[in-house]
Amino acid sequence: MSRFTGSARMVMASLVLMVGAGVTANALAAGKLSAMDYIEIQQLVNRLNFALDYCGNGGRDFAALFTEDGEYVVDDGGQLRSFRGPEQLAGLAGGPDCAVTRTAPRMHLSHLAESLVIEPSGKGARGTSYAIYPGRKGKAFQADVAGQVGLYHDEFVRTAKGWRLKLRRHEVSPEAPAAN
């Protein structure tokens, strides 16, 4: 690639980002999301899974991806467990010593969000994705499957720090839709 071609691509990418930033505020006001909004939300979800699995910065990296009053709810067939605010969210990711990531069953899990569908909502965006936990080290979370599949239901809001999660509800064992 010539030096000119590489420079031209950098200039074009910069222009797209600058224009996209201005369009985002207007698009949100109109109830629409820009292409950059979709990319930023997808990246937020990707960072969330790594931060949860690797307990970065004592779980604070995970908590920082939520709003100050953000909440993670585990919905296990109607039994709800809720983690709200930076301290509880950091604890969910492992806490200061990350001990939970070194004990079963957590040490045998990787968190994946697959097939994320993002839609505009009145206050930002919402997303739904498959929550997939493949086993690691030859171990599985559930004896009858080689991992687990659930659903994530997310509410995203744009903040001064960029897109953040306001709510993530993890539906552990969703009921399959009825056959027609």
# chains A, B, ... in the order shown; residues from 1 in each chain; ligands from 1
>>> residues_around(residues="Val73 (chain A)", least_positions_apart="3", cutoff="8 Å", atoms="only C-alpha atoms", output="list of chain:residue names")
A:Leu80, A:Arg81, A:Ser82, A:Phe83, A:Leu167, A:Arg168, A:Arg169, A:His170
>>> select_by_dssp(residues="region 18-90 of chain A", states="helix (DSSP H, G or I)", output="PyMOL selection string")
chain A and resi 18-29+35-54+56-63+85-90
>>> write_last_selection(atoms="C-alpha atoms", output="PDB file, in the first residue's frame")
ATOM      1  CA  MET A  18     -15.987  13.189  13.564  1.00  0.00           C
ATOM      2  CA  VAL A  19     -19.191  13.328  11.547  1.00  0.00           C
ATOM      3  CA  GLY A  20     -20.510  10.241  13.348  1.00  0.00           C
ATOM      4  CA  ALA A  21     -20.025  11.863  16.747  1.00  0.00           C
ATOM      5  CA  GLY A  22     -22.203  14.818  15.727  1.00  0.00           C
ATOM      6  CA  VAL A  23     -24.792  12.591  14.100  1.00  0.00           C
ATOM      7  CA  THR A  24     -25.062  10.379  17.194  1.00  0.00           C
ATOM      8  CA  ALA A  25     -26.547  13.074  19.450  1.00  0.00           C
ATOM      9  CA  ASN A  26     -29.057  14.105  16.780  1.00  0.00           C
ATOM     10  CA  ALA A  27     -29.894  10.499  15.936  1.00  0.00           C
ATOM     11  CA  LEU A  28     -30.555   9.611  19.578  1.00  0.00           C
ATOM     12  CA  ALA A  29     -32.885  12.574  19.902  1.00  0.00           C
ATOM     13  CA  ALA A  35     -23.585   2.990  12.608  1.00  0.00           C
ATOM     14  CA  MET A  36     -21.011   4.143  15.180  1.00  0.00           C
ATOM     15  CA  ASP A  37     -23.551   3.626  17.996  1.00  0.00           C
ATOM     16  CA  TYR A  38     -23.994   0.018  16.908  1.00  0.00           C
ATOM     17  CA  ILE A  39     -20.223  -0.506  16.802  1.00  0.00           C
ATOM     18  CA  GLU A  40     -19.669   1.097  20.216  1.00  0.00           C
ATOM     19  CA  ILE A  41     -22.455  -0.952  21.828  1.00  0.00           C
ATOM     20  CA  GLN A  42     -21.081  -4.179  20.321  1.00  0.00           C
ATOM     21  CA  GLN A  43     -17.621  -3.318  21.654  1.00  0.00           C
ATOM     22  CA  LEU A  44     -19.117  -2.592  25.089  1.00  0.00           C
ATOM     23  CA  VAL A  45     -20.671  -6.071  25.175  1.00  0.00           C
ATOM     24  CA  ASN A  46     -17.381  -7.656  24.072  1.00  0.00           C
ATOM     25  CA  ARG A  47     -15.403  -5.783  26.760  1.00  0.00           C
ATOM     26  CA  LEU A  48     -18.011  -6.764  29.354  1.00  0.00           C
ATOM     27  CA  ASN A  49     -17.425 -10.491  28.836  1.00  0.00           C
ATOM     28  CA  PHE A  50     -13.644 -10.205  29.065  1.00  0.00           C
ATOM     29  CA  ALA A  51     -13.882  -8.001  32.161  1.00  0.00           C
ATOM     30  CA  LEU A  52     -16.197 -10.542  33.816  1.00  0.00           C
ATOM     31  CA  ASP A  53     -14.042 -13.575  32.980  1.00  0.00           C
ATOM     32  CA  TYR A  54     -10.675 -12.063  33.836  1.00  0.00           C
ATOM     33  CA  GLY A  56      -9.657  -6.969  35.552  1.00  0.00           C
ATOM     34  CA  ASN A  57      -8.594  -4.458  38.171  1.00  0.00           C
ATOM     35  CA  GLY A  58     -10.285  -6.429  40.966  1.00  0.00           C
ATOM     36  CA  GLY A  59     -13.627  -6.414  39.129  1.00  0.00           C
ATOM     37  CA  ARG A  60     -13.640  -2.629  38.728  1.00  0.00           C
ATOM     38  CA  ASP A  61     -13.134  -2.889  34.942  1.00  0.00           C
ATOM     39  CA  PHE A  62     -16.419  -4.818  34.771  1.00  0.00           C
ATOM     40  CA  ALA A  63     -18.247  -2.340  37.034  1.00  0.00           C
ATOM     41  CA  GLY A  85     -23.779  -0.256  41.816  1.00  0.00           C
ATOM     42  CA  PRO A  86     -20.003  -0.344  41.397  1.00  0.00           C
ATOM     43  CA  GLU A  87     -19.162  -2.287  44.560  1.00  0.00           C
ATOM     44  CA  GLN A  88     -21.601  -5.161  43.996  1.00  0.00           C
ATOM     45  CA  LEU A  89     -20.794  -5.324  40.274  1.00  0.00           C
ATOM     46  CA  ALA A  90     -17.052  -5.490  40.995  1.00  0.00           C
TER      47      ALA A  90
END
>>> select_by_dssp(residues="region 32-159 of chain A", states="strand (DSSP E or B)", output="count of residues only")
53
>>> atom_distance(atom1="CA of Val100 (chain A)", atom2="CA of Leu116 (chain A)")
27.0 Å
>>> atom_distance(atom1="CA of Gln148 (chain A)", atom2="CA of Met107 (chain A)")
14.3 Å
>>> closest_residue(among="A:Lys166, A:Lys161, A:Lys123, A:Arg102", to="Gly31 (chain A)", atoms="only C-alpha atoms")
A:Lys123
>>> closest_residue(among="A:Asp76, A:Asp154, A:Arg164, A:Ala93", to="Ile118 (chain A)", atoms="only C-alpha atoms")
A:Asp154
